[in-house]
$ cat final-v9.cif   # mmCIF, N, CA and C atoms
data_run
loop_
_atom_site.label_atom_id
_atom_site.label_comp_id
_atom_site.auth_asym_id
_atom_site.auth_seq_id
_atom_site.Cartn_x
_atom_site.Cartn_y
_atom_site.Cartn_z
N MET U 27 2.64 -4.86 -16.52
CA MET U 27 1.64 -5.73 -15.90
C MET U 27 2.17 -6.17 -14.54
N ALA U 28 1.30 -6.16 -13.56
CA ALA U 28 1.68 -6.51 -12.20
C ALA U 28 2.00 -8.00 -12.09
N LYS U 29 2.88 -8.34 -11.14
CA LYS U 29 3.27 -9.72 -10.91
C LYS U 29 2.05 -10.59 -10.61
N ARG U 30 1.12 -10.04 -9.83
CA ARG U 30 -0.10 -10.77 -9.48
C ARG U 30 -0.88 -11.16 -10.73
N ASP U 31 -1.02 -10.22 -11.68
CA ASP U 31 -1.77 -10.49 -12.91
C ASP U 31 -1.10 -11.57 -13.74
N LEU U 32 0.23 -11.55 -13.80
CA LEU U 32 0.95 -12.57 -14.55
C LEU U 32 0.75 -13.96 -13.94
N ILE U 33 0.77 -14.02 -12.60
CA ILE U 33 0.55 -15.30 -11.93
C ILE U 33 -0.86 -15.80 -12.18
N TYR U 34 -1.86 -14.92 -12.10
CA TYR U 34 -3.24 -15.33 -12.35
C TYR U 34 -3.42 -15.81 -13.79
N ARG U 35 -2.82 -15.11 -14.75
CA ARG U 35 -2.92 -15.53 -16.16
C ARG U 35 -2.28 -16.90 -16.36
N GLU U 36 -1.09 -17.10 -15.78
CA GLU U 36 -0.41 -18.39 -15.92
C GLU U 36 -1.24 -19.50 -15.27
N THR U 37 -1.84 -19.23 -14.13
CA THR U 37 -2.69 -20.22 -13.47
C THR U 37 -3.90 -20.56 -14.33
N ALA U 38 -4.54 -19.54 -14.89
CA ALA U 38 -5.70 -19.78 -15.76
C ALA U 38 -5.29 -20.61 -16.97
N ARG U 39 -4.13 -20.31 -17.55
CA ARG U 39 -3.66 -21.07 -18.72
C ARG U 39 -3.42 -22.53 -18.33
N ARG U 40 -2.82 -22.76 -17.16
CA ARG U 40 -2.55 -24.14 -16.74
C ARG U 40 -3.86 -24.89 -16.47
N ILE U 41 -4.86 -24.20 -15.92
CA ILE U 41 -6.14 -24.87 -15.67
C ILE U 41 -6.81 -25.23 -16.99
N ILE U 42 -6.79 -24.31 -17.94
CA ILE U 42 -7.42 -24.56 -19.24
C ILE U 42 -6.70 -25.68 -19.97
N ASP U 43 -5.37 -25.72 -19.92
CA ASP U 43 -4.58 -26.72 -20.64
C ASP U 43 -4.58 -28.08 -19.96
N SER U 44 -4.95 -28.14 -18.69
CA SER U 44 -4.90 -29.41 -17.97
C SER U 44 -6.21 -30.18 -18.14
N PRO U 45 -6.19 -31.49 -17.91
CA PRO U 45 -7.45 -32.25 -17.93
C PRO U 45 -8.41 -31.66 -16.91
N ARG U 46 -9.68 -31.85 -17.16
CA ARG U 46 -10.72 -31.15 -16.39
C ARG U 46 -11.06 -31.76 -15.04
N SER U 47 -10.33 -32.73 -14.59
CA SER U 47 -10.73 -33.35 -13.32
C SER U 47 -10.59 -32.35 -12.17
N LYS U 48 -11.50 -32.43 -11.24
CA LYS U 48 -11.53 -31.52 -10.11
C LYS U 48 -10.24 -31.61 -9.29
N GLN U 49 -9.73 -32.82 -9.09
CA GLN U 49 -8.51 -32.99 -8.30
C GLN U 49 -7.32 -32.31 -8.96
N GLN U 50 -7.21 -32.42 -10.29
CA GLN U 50 -6.08 -31.79 -10.97
C GLN U 50 -6.19 -30.26 -10.92
N MET U 51 -7.40 -29.73 -11.01
CA MET U 51 -7.58 -28.28 -10.90
C MET U 51 -7.18 -27.79 -9.51
N LEU U 52 -7.57 -28.54 -8.48
CA LEU U 52 -7.20 -28.17 -7.11
C LEU U 52 -5.69 -28.23 -6.91
N THR U 53 -5.03 -29.21 -7.53
CA THR U 53 -3.58 -29.32 -7.43
C THR U 53 -2.90 -28.13 -8.08
N VAL U 54 -3.37 -27.72 -9.26
CA VAL U 54 -2.80 -26.56 -9.94
C VAL U 54 -2.97 -25.31 -9.08
N LEU U 55 -4.17 -25.11 -8.52
CA LEU U 55 -4.43 -23.93 -7.69
C LEU U 55 -3.60 -23.94 -6.41
N SER U 56 -3.42 -25.10 -5.80
CA SER U 56 -2.66 -25.16 -4.55
C SER U 56 -1.17 -24.92 -4.79
N ASN U 57 -0.68 -25.14 -6.02
CA ASN U 57 0.72 -24.89 -6.34
C ASN U 57 0.98 -23.47 -6.82
N THR U 58 -0.06 -22.65 -6.88
CA THR U 58 0.08 -21.27 -7.32
C THR U 58 0.49 -20.41 -6.13
N PRO U 59 1.59 -19.65 -6.27
CA PRO U 59 2.01 -18.81 -5.14
C PRO U 59 0.98 -17.75 -4.81
N SER U 60 0.89 -17.42 -3.54
CA SER U 60 -0.05 -16.41 -3.09
C SER U 60 0.64 -15.05 -3.10
N VAL U 61 0.10 -14.11 -3.87
CA VAL U 61 0.65 -12.77 -3.94
C VAL U 61 -0.42 -11.80 -3.45
N PRO U 62 -0.15 -11.05 -2.39
CA PRO U 62 -1.17 -10.11 -1.93
C PRO U 62 -1.38 -9.01 -2.96
N PRO U 63 -2.60 -8.53 -3.12
CA PRO U 63 -2.87 -7.46 -4.06
C PRO U 63 -2.05 -6.22 -3.74
N GLU U 64 -1.57 -5.55 -4.80
CA GLU U 64 -0.74 -4.37 -4.60
C GLU U 64 -1.56 -3.21 -4.03
N ASP U 65 -2.86 -3.24 -4.24
CA ASP U 65 -3.69 -2.13 -3.78
C ASP U 65 -4.44 -2.47 -2.48
N GLU U 66 -3.93 -3.44 -1.75
CA GLU U 66 -4.59 -3.87 -0.52
C GLU U 66 -4.32 -2.87 0.60
N TRP U 67 -5.37 -2.49 1.33
CA TRP U 67 -5.22 -1.57 2.46
C TRP U 67 -4.62 -2.32 3.63
N ILE U 68 -3.65 -1.70 4.27
CA ILE U 68 -2.97 -2.28 5.41
C ILE U 68 -3.26 -1.41 6.63
N PRO U 69 -3.64 -2.00 7.77
CA PRO U 69 -3.94 -1.19 8.96
C PRO U 69 -2.70 -0.43 9.43
N VAL U 70 -2.92 0.73 10.01
CA VAL U 70 -1.81 1.58 10.46
C VAL U 70 -1.00 0.90 11.56
N SER U 71 -1.56 -0.10 12.20
CA SER U 71 -0.81 -0.84 13.22
C SER U 71 0.34 -1.64 12.62
N LYS U 72 0.33 -1.83 11.29
CA LYS U 72 1.44 -2.49 10.57
C LYS U 72 2.08 -1.46 9.65
N PRO U 73 3.00 -0.64 10.16
CA PRO U 73 3.55 0.46 9.37
C PRO U 73 4.43 -0.04 8.21
N PRO U 74 4.67 0.82 7.22
CA PRO U 74 5.55 0.44 6.11
C PRO U 74 6.97 0.20 6.62
N LYS U 75 7.70 -0.66 5.89
CA LYS U 75 9.09 -0.94 6.26
C LYS U 75 10.01 0.18 5.80
N VAL U 76 9.57 0.93 4.79
CA VAL U 76 10.38 1.98 4.19
C VAL U 76 9.62 3.30 4.23
N GLY U 77 10.31 4.37 4.56
CA GLY U 77 9.67 5.68 4.54
C GLY U 77 9.39 6.11 3.11
N GLY U 78 8.41 6.99 2.93
CA GLY U 78 8.08 7.47 1.60
C GLY U 78 6.64 7.92 1.52
N LYS U 79 6.18 8.12 0.29
CA LYS U 79 4.82 8.61 0.04
C LYS U 79 3.88 7.43 -0.18
N TYR U 80 2.72 7.48 0.48
CA TYR U 80 1.75 6.39 0.41
C TYR U 80 0.34 6.96 0.27
N LEU U 81 -0.57 6.11 -0.15
CA LEU U 81 -1.99 6.43 -0.17
C LEU U 81 -2.51 6.06 1.21
N VAL U 82 -3.24 6.95 1.86
CA VAL U 82 -3.73 6.68 3.22
C VAL U 82 -5.23 6.96 3.33
N THR U 83 -5.86 6.29 4.27
CA THR U 83 -7.24 6.59 4.63
C THR U 83 -7.20 7.35 5.95
N LEU U 84 -7.79 8.53 5.94
CA LEU U 84 -7.86 9.37 7.13
C LEU U 84 -9.26 9.25 7.73
N HIS U 85 -9.34 9.14 9.05
CA HIS U 85 -10.63 9.00 9.72
C HIS U 85 -10.97 10.31 10.41
N TYR U 86 -12.08 10.90 9.99
CA TYR U 86 -12.60 12.10 10.62
C TYR U 86 -13.88 11.75 11.36
N ILE U 87 -14.41 12.65 12.15
CA ILE U 87 -15.60 12.37 12.95
C ILE U 87 -16.79 11.99 12.07
N THR U 88 -16.98 12.69 10.96
CA THR U 88 -18.17 12.47 10.13
C THR U 88 -17.92 11.60 8.91
N HIS U 89 -16.67 11.39 8.52
CA HIS U 89 -16.39 10.64 7.30
C HIS U 89 -14.93 10.20 7.25
N ASP U 90 -14.64 9.31 6.29
CA ASP U 90 -13.27 8.91 6.00
C ASP U 90 -12.86 9.53 4.67
N LYS U 91 -11.58 9.77 4.50
CA LYS U 91 -11.08 10.43 3.30
C LYS U 91 -9.79 9.75 2.85
N VAL U 92 -9.61 9.61 1.53
CA VAL U 92 -8.39 9.03 0.99
C VAL U 92 -7.54 10.14 0.38
N GLU U 93 -6.26 10.16 0.77
CA GLU U 93 -5.32 11.11 0.18
C GLU U 93 -3.91 10.57 0.36
N THR U 94 -2.90 11.32 -0.05
CA THR U 94 -1.53 10.87 0.11
C THR U 94 -0.92 11.48 1.37
N ALA U 95 0.02 10.75 1.94
CA ALA U 95 0.78 11.23 3.10
C ALA U 95 2.15 10.55 3.07
N TYR U 96 3.04 11.06 3.87
CA TYR U 96 4.40 10.52 3.93
C TYR U 96 4.59 9.79 5.25
N TYR U 97 5.44 8.75 5.21
CA TYR U 97 5.78 8.01 6.42
C TYR U 97 7.27 8.12 6.65
N SER U 98 7.66 8.30 7.90
CA SER U 98 9.08 8.34 8.26
C SER U 98 9.29 7.54 9.53
N LYS U 99 10.43 6.85 9.60
CA LYS U 99 10.76 6.09 10.80
C LYS U 99 11.22 7.01 11.93
N ASN U 100 11.55 8.27 11.60
CA ASN U 100 11.93 9.25 12.61
C ASN U 100 11.50 10.63 12.12
N LEU U 101 10.40 11.14 12.67
CA LEU U 101 9.87 12.44 12.23
C LEU U 101 10.88 13.57 12.45
N TYR U 102 11.69 13.47 13.48
CA TYR U 102 12.67 14.50 13.78
C TYR U 102 13.65 14.70 12.62
N LYS U 103 13.99 13.61 11.91
CA LYS U 103 14.90 13.70 10.77
C LYS U 103 14.26 14.37 9.56
N VAL U 104 12.93 14.42 9.51
CA VAL U 104 12.23 15.11 8.42
C VAL U 104 12.44 16.61 8.55
N ASP U 105 12.20 17.13 9.74
CA ASP U 105 12.38 18.55 10.00
C ASP U 105 12.61 18.74 11.50
N GLU U 106 13.79 19.21 11.88
CA GLU U 106 14.15 19.37 13.28
C GLU U 106 13.34 20.46 13.98
N TYR U 107 12.82 21.41 13.22
CA TYR U 107 12.06 22.52 13.81
C TYR U 107 10.61 22.10 14.07
N ASP U 108 9.92 21.62 13.01
CA ASP U 108 8.51 21.26 13.17
C ASP U 108 8.31 20.01 14.03
N PHE U 109 9.28 19.10 14.01
CA PHE U 109 9.15 17.85 14.77
C PHE U 109 10.25 17.77 15.84
N TYR U 110 10.51 18.87 16.53
CA TYR U 110 11.61 18.92 17.51
C TYR U 110 11.44 17.91 18.64
N ASP U 111 10.22 17.55 18.96
CA ASP U 111 9.97 16.62 20.08
C ASP U 111 9.42 15.27 19.61
N LYS U 112 9.59 14.95 18.33
CA LYS U 112 9.00 13.72 17.77
C LYS U 112 10.09 12.79 17.22
N ARG U 113 10.85 12.19 18.09
CA ARG U 113 11.90 11.25 17.67
C ARG U 113 11.31 9.83 17.65
N ARG U 114 10.35 9.66 16.75
CA ARG U 114 9.64 8.38 16.63
C ARG U 114 9.06 8.28 15.22
N PRO U 115 8.59 7.07 14.84
CA PRO U 115 7.96 6.93 13.52
C PRO U 115 6.61 7.65 13.47
N GLY U 116 6.20 8.01 12.26
CA GLY U 116 4.89 8.64 12.13
C GLY U 116 4.58 9.07 10.72
N TRP U 117 3.34 9.48 10.53
CA TRP U 117 2.84 9.98 9.25
C TRP U 117 2.85 11.50 9.27
N TYR U 118 3.16 12.10 8.14
CA TYR U 118 3.20 13.56 8.08
C TYR U 118 2.85 14.06 6.69
N ASN U 119 2.64 15.37 6.62
CA ASN U 119 2.38 16.05 5.35
C ASN U 119 3.01 17.43 5.43
N TYR U 120 2.90 18.18 4.35
CA TYR U 120 3.50 19.50 4.30
C TYR U 120 2.48 20.51 3.79
N ASP U 121 2.41 21.64 4.46
CA ASP U 121 1.55 22.73 4.03
C ASP U 121 2.46 23.93 3.73
N SER U 122 2.29 24.56 2.56
CA SER U 122 3.18 25.64 2.16
C SER U 122 3.11 26.84 3.09
N GLU U 123 1.99 26.99 3.79
CA GLU U 123 1.85 28.12 4.70
C GLU U 123 2.33 27.81 6.12
N TYR U 124 2.07 26.58 6.59
CA TYR U 124 2.37 26.23 7.98
C TYR U 124 3.55 25.27 8.15
N GLY U 125 4.06 24.70 7.08
CA GLY U 125 5.19 23.77 7.16
C GLY U 125 4.74 22.33 7.37
N TYR U 126 5.63 21.53 7.95
CA TYR U 126 5.34 20.12 8.19
C TYR U 126 4.38 19.97 9.37
N TYR U 127 3.50 18.97 9.27
CA TYR U 127 2.62 18.65 10.39
C TYR U 127 2.39 17.15 10.44
N GLU U 128 2.18 16.64 11.64
CA GLU U 128 1.94 15.21 11.81
C GLU U 128 0.52 14.86 11.40
N GLN U 129 0.38 13.78 10.67
CA GLN U 129 -0.93 13.29 10.23
C GLN U 129 -1.35 12.20 11.22
N THR U 130 -2.15 12.56 12.22
CA THR U 130 -2.48 11.63 13.32
C THR U 130 -3.74 10.82 13.09
N ASP U 131 -4.49 11.13 12.03
CA ASP U 131 -5.77 10.46 11.81
C ASP U 131 -5.70 9.36 10.75
N VAL U 132 -4.51 8.84 10.46
CA VAL U 132 -4.35 7.76 9.48
C VAL U 132 -4.83 6.45 10.11
N ILE U 133 -5.71 5.72 9.40
CA ILE U 133 -6.19 4.43 9.91
C ILE U 133 -5.72 3.27 9.05
N ALA U 134 -5.33 3.54 7.78
CA ALA U 134 -4.85 2.48 6.90
C ALA U 134 -4.00 3.12 5.79
N TRP U 135 -3.15 2.30 5.15
CA TRP U 135 -2.30 2.79 4.08
C TRP U 135 -2.13 1.72 3.01
N CYS U 136 -1.70 2.13 1.83
CA CYS U 136 -1.33 1.19 0.77
C CYS U 136 -0.33 1.89 -0.15
N LYS U 137 0.36 1.08 -0.97
CA LYS U 137 1.33 1.63 -1.90
C LYS U 137 0.62 2.45 -2.97
N LEU U 138 1.31 3.44 -3.48
CA LEU U 138 0.77 4.22 -4.60
C LEU U 138 0.82 3.37 -5.86
N ILE U 139 -0.18 3.52 -6.70
CA ILE U 139 -0.18 2.80 -7.98
C ILE U 139 0.72 3.51 -8.96
N GLU U 140 1.15 2.81 -9.99
CA GLU U 140 1.97 3.41 -11.04
C GLU U 140 1.12 4.39 -11.83
N PRO U 141 1.68 5.55 -12.21
CA PRO U 141 0.90 6.50 -13.01
C PRO U 141 0.59 5.94 -14.40
N TYR U 142 -0.49 6.42 -14.97
CA TYR U 142 -0.91 6.01 -16.30
C TYR U 142 0.12 6.46 -17.33
N LYS U 143 0.42 5.56 -18.29
CA LYS U 143 1.33 5.90 -19.37
C LYS U 143 0.58 5.76 -20.68
N GLU U 144 0.69 6.75 -21.53
CA GLU U 144 0.02 6.77 -22.84
C GLU U 144 0.36 5.49 -23.62
N GLY U 145 -0.64 4.89 -24.21
CA GLY U 145 -0.42 3.71 -25.04
C GLY U 145 -0.57 2.39 -24.31
N GLU U 146 -0.94 2.41 -23.07
CA GLU U 146 -1.13 1.13 -22.35
C GLU U 146 -2.56 0.68 -22.41
#

$ encode --input "final-v9.cif" --output "structure tokens"
Amino acid sequence: MAKRDLIYRETARRIIDSPRSKQQMLTVLSNTPSVPPEDEWIPVSKPPKVGGKYLVTLHYITHDKVETAYYSKNLYKVDEYDFYDKRRPGWYNYDSEYGYYEQTDVIAWCKLIEPYKEGE
């Protein structure tokens, strides 16, 4: 269970267990820590702090598309041949036929969700 869900459940329990006055409910809510949703889209202008695989929104002329892409703080370190002139942060992907390529149409990103596990 995500940290956000645990905080929301605990807040709901405290509201239910507390007297019903409006002021006390507001006090309980104001003391609840704010946790951003794990699936919140973040604009590409605020890049990830850590390189890795992320869910991204790609903007095309006629539509937007969601898929996965990788982020690196230095594209040159990913592959010196394909990114020989790209010593900067950026988004990229890999094609088995053409190799690494820069993903320039990313407009937003978010963390990947945990995969489904049987029995949950």

$ residues_around --input "final-v9.cif" --residues "Asn119 (chain U)" --least-positions-apart "6" --cutoff "12 Å" --atoms "only C-alpha atoms" --output "list in words"
Gly78, Lys79, Tyr80, Leu81, Val82, Glu93, Thr94, Ala95, Tyr96, Tyr97, Ser98, Leu101, Val104, Asp105, Asp108, Phe109, Gly125, Tyr126, Tyr127, Glu128, Gln129, Thr130, Asp131 and Val132 of chain U

$ select_by_dssp --input "final-v9.cif" --residues "region 59-93 of chain U" --states "strand (DSSP E or B)" --output "list in words"
Ile68, Pro69, Gly78, Lys79, Tyr80, Leu81, Val82, Thr83, Leu84, His85, Asp90, Lys91, Val92 and Glu93 of chain U

$ atom_distance --input "final-v9.cif" --atom1 "CA of Glu140 (chain U)" --atom2 "CA of Trp67 (chain U)"
16.1 Å

$ resolve_selection --input "final-v9.cif" --expression "the PyMOL selection byres (((chain U and resi 73 and name CA) around 10) and name CA)" --output "JSON, numbers by chain"
{"U": [68, 69, 70, 71, 72, 74, 75, 76, 77, 97, 98, 99, 115, 116, 117, 134, 135, 136]}

$ atom_distance --input "final-v9.cif" --atom1 "atom N of Tyr102 (chain U)" --atom2 "CA of Asp121 (chain U)"
16.7 Å

$ atom_distance --input "final-v9.cif" --atom1 "CA of Ile139 (chain U)" --atom2 "CA of Lys91 (chain U)"
17.4 Å
